[in-house]
Structures are given as structure tokens and as C-alpha cells.
file model.txt (compact mmCIF, C-alpha atoms)
# COMPACT_ATOMS: atom_id res chain seq x y z
CA MET A 1 -7.32 -57.94 12.70
CA PHE A 2 -4.87 -57.73 9.76
CA THR A 3 -1.15 -58.25 10.03
CA GLY A 4 -0.53 -56.98 6.48
CA LYS A 5 -0.14 -53.46 5.23
CA LYS A 6 -1.63 -50.64 7.28
CA ASN A 7 -4.44 -48.52 5.82
CA MET A 8 -5.18 -51.12 3.13
CA ASP A 9 -8.77 -51.93 2.31
CA PRO A 10 -9.51 -55.52 3.47
CA ILE A 11 -11.15 -56.38 0.14
CA LYS A 12 -8.09 -55.20 -1.79
CA LEU A 13 -5.84 -57.17 0.55
CA ILE A 14 -7.84 -60.37 0.02
CA ALA A 15 -7.96 -59.77 -3.73
CA SER A 16 -4.16 -59.28 -3.87
CA ILE A 17 -3.63 -62.51 -1.91
CA ILE A 18 -5.92 -64.44 -4.29
CA VAL A 19 -4.24 -63.00 -7.38
CA THR A 20 -0.79 -63.85 -5.97
CA LYS A 21 -1.84 -67.46 -5.31
CA LEU A 22 -3.33 -67.78 -8.81
CA ILE A 23 -0.18 -66.44 -10.42
CA ASN A 24 2.00 -68.83 -8.40
CA THR A 25 -0.29 -71.75 -9.29
CA TYR A 26 -0.50 -71.20 -13.04
CA PHE A 27 2.82 -69.59 -13.90
CA MET A 28 5.17 -71.48 -11.63
CA SER A 29 7.69 -73.69 -13.36
CA ILE A 30 8.18 -77.35 -12.55
CA GLN A 31 11.51 -78.21 -10.94
CA ILE A 32 13.08 -81.49 -12.03
CA GLU A 33 16.29 -82.87 -10.55
CA GLY A 34 18.54 -85.20 -12.48
CA LYS A 35 21.89 -85.59 -14.12
CA ASP A 36 21.28 -86.30 -17.78
CA LEU A 37 19.06 -84.42 -20.22
CA ASN A 38 19.32 -87.38 -22.64
CA LYS A 39 16.97 -89.36 -20.38
CA PHE A 40 14.12 -87.02 -21.32
CA ILE A 41 11.73 -88.65 -23.79
CA MET A 42 9.50 -86.20 -25.59
CA VAL A 43 6.02 -87.57 -26.27
CA GLY A 44 4.04 -87.07 -29.47
CA ASP A 45 4.41 -83.64 -31.01
CA ARG A 46 6.17 -82.08 -28.00
CA ILE A 47 9.44 -80.20 -28.39
CA LEU A 48 11.95 -79.24 -25.68
CA ILE A 49 13.42 -75.76 -26.20
CA LYS A 50 16.26 -73.94 -24.43
CA PRO A 51 15.18 -70.28 -24.46
CA ARG A 52 17.61 -67.66 -25.69
CA SER A 53 18.97 -65.30 -23.08
CA PRO A 54 16.89 -62.12 -23.02
CA LEU A 55 18.24 -58.90 -24.47
CA GLU A 56 19.54 -56.45 -21.89
CA ARG A 57 19.36 -53.42 -24.18
CA THR A 58 17.16 -52.12 -26.96
CA LYS A 59 18.58 -51.33 -30.41
CA THR A 60 18.95 -47.71 -29.37
CA GLY A 61 20.93 -48.62 -26.23
CA LEU A 62 18.29 -48.31 -23.50
CA PHE A 63 18.59 -50.84 -20.66
CA LEU A 64 15.58 -53.11 -20.25
CA PRO A 65 14.35 -53.91 -16.73
CA PRO A 66 14.33 -57.58 -15.72
CA GLY A 67 11.22 -59.49 -16.75
CA VAL A 68 10.24 -57.26 -19.68
CA GLN A 69 11.07 -59.80 -22.35
CA GLU A 70 9.43 -62.66 -20.43
CA ASN A 71 6.06 -60.92 -20.84
CA GLU A 72 6.31 -60.89 -24.64
CA LYS A 73 3.84 -63.15 -26.45
CA ILE A 74 6.43 -64.43 -28.90
CA GLN A 75 9.66 -66.03 -27.64
CA SER A 76 12.59 -67.79 -29.28
CA GLY A 77 14.96 -70.56 -28.31
CA TYR A 78 16.99 -73.50 -29.54
CA VAL A 79 15.45 -76.94 -30.04
CA VAL A 80 17.06 -79.47 -27.68
CA LYS A 81 14.86 -82.56 -28.11
CA VAL A 82 12.02 -83.48 -30.45
CA GLY A 83 9.21 -86.00 -29.97
CA PRO A 84 8.52 -88.77 -32.49
CA GLY A 85 5.60 -86.95 -34.12
CA PHE A 86 1.96 -87.66 -34.76
CA PRO A 87 0.99 -91.37 -34.58
CA ILE A 88 -0.58 -92.93 -37.66
CA PRO A 89 -3.43 -95.39 -37.05
CA ALA A 90 -2.49 -98.95 -37.92
CA VAL A 91 -4.30 -100.52 -40.87
CA ILE A 92 -5.71 -103.87 -39.85
CA ASP A 93 -7.19 -106.27 -42.38
CA ASP A 94 -10.60 -107.46 -41.18
CA ASN A 95 -9.92 -110.98 -42.46
CA GLU A 96 -6.72 -111.33 -40.45
CA THR A 97 -7.63 -110.13 -36.97
CA TRP A 98 -5.15 -112.56 -35.43
CA LYS A 99 -2.25 -110.49 -36.78
CA LYS A 100 -0.94 -107.88 -34.41
CA ASN A 101 0.84 -104.85 -35.78
CA GLU A 102 2.63 -103.51 -32.72
CA GLN A 103 4.97 -101.29 -34.75
CA VAL A 104 3.66 -97.74 -34.34
CA LYS A 105 4.37 -95.36 -37.20
CA TYR A 106 4.64 -91.60 -36.86
CA ILE A 107 4.44 -88.54 -39.08
CA PRO A 108 7.74 -86.84 -38.19
CA LEU A 109 7.93 -83.28 -36.88
CA GLN A 110 9.59 -80.42 -38.77
CA PRO A 111 11.95 -79.15 -36.03
CA LYS A 112 15.38 -80.72 -35.65
CA GLU A 113 17.83 -80.42 -32.79
CA GLY A 114 19.73 -77.15 -33.03
CA ASP A 115 17.03 -75.20 -34.89
CA LEU A 116 16.12 -71.74 -33.66
CA ALA A 117 12.37 -71.85 -32.97
CA VAL A 118 10.10 -68.83 -32.65
CA TYR A 119 7.05 -69.88 -30.60
CA LEU A 120 3.99 -68.55 -28.79
CA GLN A 121 4.60 -68.29 -25.06
CA ASN A 122 0.91 -68.82 -24.19
CA ASN A 123 1.10 -72.40 -25.48
CA SER A 124 4.27 -73.35 -23.62
CA PHE A 125 5.21 -74.89 -20.28
CA GLU A 126 8.35 -74.05 -18.36
CA ILE A 127 10.48 -76.59 -16.52
CA GLN A 128 13.67 -76.18 -14.49
CA PHE A 129 16.30 -78.89 -14.90
CA ASN A 130 19.64 -78.58 -13.08
CA GLU A 131 18.95 -74.87 -12.54
CA GLU A 132 18.52 -74.37 -16.32
CA ARG A 133 15.27 -73.12 -17.82
CA TYR A 134 13.61 -75.15 -20.59
CA ILE A 135 10.31 -74.77 -22.41
CA VAL A 136 8.04 -77.58 -23.64
CA VAL A 137 5.86 -76.63 -26.61
CA SER A 138 3.69 -78.42 -29.11
CA GLN A 139 4.58 -78.18 -32.79
CA VAL A 140 1.39 -76.15 -33.28
CA ALA A 141 2.80 -73.37 -31.05
CA ILE A 142 5.91 -72.92 -33.21
CA LEU A 143 5.52 -70.07 -35.70
CA PHE A 144 8.68 -70.67 -37.71
CA LEU A 145 12.14 -72.22 -37.57
CA ILE A 146 15.57 -70.96 -38.55
CA ARG A 147 17.89 -73.79 -39.53
CA ASP A 148 21.61 -73.29 -40.03
CA GLU A 149 23.14 -76.54 -41.25
CA ASN A 150 26.68 -75.27 -40.62
CA LEU A 151 26.01 -74.11 -37.06
CA PHE A 152 27.50 -77.14 -35.29
CA GLN A 153 30.27 -77.98 -37.76

call {"tool": "encode", "arguments": {"input": "model.txt", "output": "C-alpha cells"}}
result
Amino acid sequence: MFTGKKNMDPIKLIASIIVTKLINTYFMSIQIEGKDLNKFIMVGDRILIKPRSPLERTKTGLFLPPGVQENEKIQSGYVVKVGPGFPIPAVIDDNETWKKNEQVKYIPLQPKEGDLAVYLQNNSFEIQFNEERYIVVSQVAILFLIRDENLFQ
């Protein structure tokens, strides 16, 4: 009848299978193959973040088991790429409908490449690129930024 665990209630077995499939569906990261991260074009208010490596110990010296920090609601990482921002609607004069204003203008985003961003994990999406983990978040999900102008000099 069942090839799974012995002495397990069939309802619990089915429930565990459904929960496992839901977790794999909603929390699985997208795998992207390629050679150059510069070919990524962020759209609108989206920001690409390289998450910081998780802490292995607490301040008091206790070792943390794997996956503990991934369950935290607030995460941090370094901004890698930033989208153009929020588009501004073009102003068209009603008398001159023949003119076409194809130049789109944007309200720029606050984050810059290299900033340390603290963001909400619930509003983020994970992607894998060349076996590296990246997070895509909207500017709304970023709580605050830490900018060090002398970091890359």
C-alpha cells in the first residue's frame, strides 16, 4: 500500500508530501546559466543584491546550525545592480498630438552599486547565477542602506 515510512498515518504522509511540494514550488530559487553578470538588466525599481555570508557563530561564541540565518525576516547584502527607477508619465500637449516623445524619464532609485542594503526577505526572490546566490528585491523592500564612499578606493 505505502512504500514510505512504516507505522506512519496515511493522512500525515500525504500532508507531508503536499507540504514538501509546496515548499519546493514557492521557495526554490531560479537557476540561470551564463558568463557575464553585466548582461543583466534590472527593470523598474528592482535591485540585484549579493547576500552577505551568514554568521557561523553568535556574539558569545556559540556555533549556529546551517539554515538558521536564512529563516530570519531581515537580511543584508551588497547592491550589485540597480534598475533605472520609477517611470514618469510623458507630458503630451493636446494641440500637438503628432509629436512623439519616445524618451522615457525615470525617478532614480536611492541604492547605488556597492551599498550594503538591509531588506525584508519576504519581499525578495532568489536566483542562482554561476553557482552564486543573488537576491532580487524592490526598492520598497529595502529598510535602509549603508554607504561607504571609500569602500572601493

call {"tool": "closest_residue", "arguments": {"input": "model.txt", "among": "A:Ile11, A:Ile49, A:Leu145, A:Leu62", "to": "Val79 in chain A", "atoms": "all atoms listed in the file"}}
result
A:Ile49

call {"tool": "atom_distance", "arguments": {"input": "model.txt", "atom1": "CA of Phe125 in chain A", "atom2": "CA of Ile47 in chain A"}}
result
10.6 Å

call {"tool": "atom_distance", "arguments": {"input": "model.txt", "atom1": "CA of Val140 in chain A", "atom2": "CA of Leu109 in chain A"}}
result
10.3 Å

call {"tool": "closest_residue", "arguments": {"input": "model.txt", "among": "A:Leu48, A:Val137, A:Ala90, A:Ile146", "to": "Ala117 in chain A", "atoms": "all atoms listed in the file"}}
result
A:Ile146

call {"tool": "closest_residue", "arguments": {"input": "model.txt", "among": "A:Thr60, A:Ser76, A:Asn38, A:Gln128", "to": "Leu143 in chain A", "atoms": "all atoms listed in the file"}}
result
A:Ser76

call {"tool": "atom_distance", "arguments": {"input": "model.txt", "atom1": "CA of Val118 in chain A", "atom2": "CA of Gly77 in chain A"}}
result
6.7 Å

call {"tool": "closest_residue", "arguments": {"input": "model.txt", "among": "A:Ser53, A:Ser138, A:Thr58, A:Gln31", "to": "Ser124 in chain A", "atoms": "all atoms listed in the file"}}
result
A:Ser138

call {"tool": "residues_around", "arguments": {"input": "model.txt", "residues": "Pro89 in chain A", "least_positions_apart": "3", "cutoff": "10 Å", "atoms": "all atoms listed in the file", "output": "number ranges by chain"}}
result
A: 86, 92, 104-106

call {"tool": "closest_residue", "arguments": {"input": "model.txt", "among": "A:Leu120, A:Ala141, A:Ile88, A:Val80", "to": "Phe40 in chain A", "atoms": "only C-alpha atoms"}}
result
A:Val80

call {"tool": "residues_near_point", "arguments": {"input": "model.txt", "point": "(21.3, -81.7, -13.9)", "cutoff": "7 Å", "atoms": "only C-alpha atoms", "output": "PyMOL selection string"}}
result
chain A and resi 33-36+129-130

call {"tool": "write_last_selection", "arguments": {"input": "model.txt", "atoms": "C-alpha atoms", "output": "short mmCIF file (atom, residue, chain, number, x, y, z; two decimals), in the frame of the given file"}}
result
data_model
loop_
_atom_site.label_atom_id
_atom_site.label_comp_id
_atom_site.auth_asym_id
_atom_site.auth_seq_id
_atom_site.Cartn_x
_atom_site.Cartn_y
_atom_site.Cartn_z
CA GLU A 33 16.29 -82.87 -10.55
CA GLY A 34 18.54 -85.20 -12.48
CA LYS A 35 21.89 -85.59 -14.12
CA ASP A 36 21.28 -86.30 -17.78
CA PHE A 129 16.30 -78.89 -14.90
CA ASN A 130 19.64 -78.58 -13.08
#

call {"tool": "closest_residue", "arguments": {"input": "model.txt", "among": "A:Ile142, A:Ile14, A:Ile135, A:Met42", "to": "Gly85 in chain A", "atoms": "only C-alpha atoms"}}
result
A:Met42

call {"tool": "decode", "arguments": {"input": "model.txt", "residues": "range 130-151 of chain A", "atoms": "N, CA and C atoms", "output": "CSV table (one decimal), in the first residue's frame"}}
result
chain,number,residue,atom,x,y,z
A,130,ASN,N,25.8,31.2,-12.0
A,130,ASN,CA,27.1,30.6,-12.0
A,130,ASN,C,27.4,30.2,-10.6
A,131,GLU,N,26.5,29.4,-10.0
A,131,GLU,CA,26.6,28.8,-8.7
A,131,GLU,C,26.8,29.9,-7.5
A,132,GLU,N,26.4,31.1,-7.8
A,132,GLU,CA,26.4,32.2,-6.8
A,132,GLU,C,25.0,32.5,-6.5
A,133,ARG,N,24.7,32.9,-5.3
A,133,ARG,CA,23.3,33.2,-4.9
A,133,ARG,C,23.1,34.7,-4.9
A,134,TYR,N,22.0,35.2,-5.6
A,134,TYR,CA,21.7,36.6,-5.7
A,134,TYR,C,20.2,36.8,-5.3
A,135,ILE,N,19.9,38.0,-4.8
A,135,ILE,CA,18.5,38.3,-4.4
A,135,ILE,C,18.0,39.5,-5.3
A,136,VAL,N,16.8,39.4,-5.8
A,136,VAL,CA,16.2,40.5,-6.5
A,136,VAL,C,15.1,41.0,-5.5
A,137,VAL,N,15.2,42.3,-5.2
A,137,VAL,CA,14.2,43.0,-4.4
A,137,VAL,C,13.7,44.3,-5.0
A,138,SER,N,12.6,44.7,-4.6
A,138,SER,CA,12.1,46.0,-5.0
A,138,SER,C,12.6,47.1,-4.0
A,139,GLN,N,12.7,48.3,-4.4
A,139,GLN,CA,13.2,49.3,-3.5
A,139,GLN,C,12.3,49.4,-2.3
A,140,VAL,N,11.0,49.1,-2.4
A,140,VAL,CA,10.1,49.2,-1.2
A,140,VAL,C,10.5,48.2,-0.1
A,141,ALA,N,11.2,47.1,-0.5
A,141,ALA,CA,11.6,46.0,0.5
A,141,ALA,C,12.8,46.4,1.2
A,142,ILE,N,13.6,47.4,0.8
A,142,ILE,CA,14.8,47.8,1.4
A,142,ILE,C,14.5,48.7,2.6
A,143,LEU,N,15.0,48.3,3.8
A,143,LEU,CA,14.7,49.1,5.0
A,143,LEU,C,15.7,50.3,5.1
A,144,PHE,N,17.0,50.0,4.9
A,144,PHE,CA,17.9,51.1,4.9
A,144,PHE,C,19.2,50.7,4.2
A,145,LEU,N,20.0,51.7,3.9
A,145,LEU,CA,21.3,51.4,3.2
A,145,LEU,C,22.5,52.0,4.0
A,146,ILE,N,23.6,51.3,3.9
A,146,ILE,CA,24.8,51.8,4.5
A,146,ILE,C,25.8,52.0,3.3
A,147,ARG,N,26.2,53.3,3.2
A,147,ARG,CA,27.1,53.7,2.0
A,147,ARG,C,28.4,54.1,2.6
A,148,ASP,N,29.4,53.5,2.1
A,148,ASP,CA,30.8,53.8,2.4
A,148,ASP,C,31.5,54.3,1.1
A,149,GLU,N,31.6,55.6,0.9
A,149,GLU,CA,32.2,56.1,-0.3
A,149,GLU,C,33.7,55.6,-0.5
A,150,ASN,N,34.4,55.3,0.5
A,150,ASN,CA,35.8,54.9,0.4
A,150,ASN,C,36.0,53.4,0.4
A,151,LEU,N,34.9,52.7,0.2
A,151,LEU,CA,35.0,51.2,0.3
A,151,LEU,C,35.8,50.7,-0.9
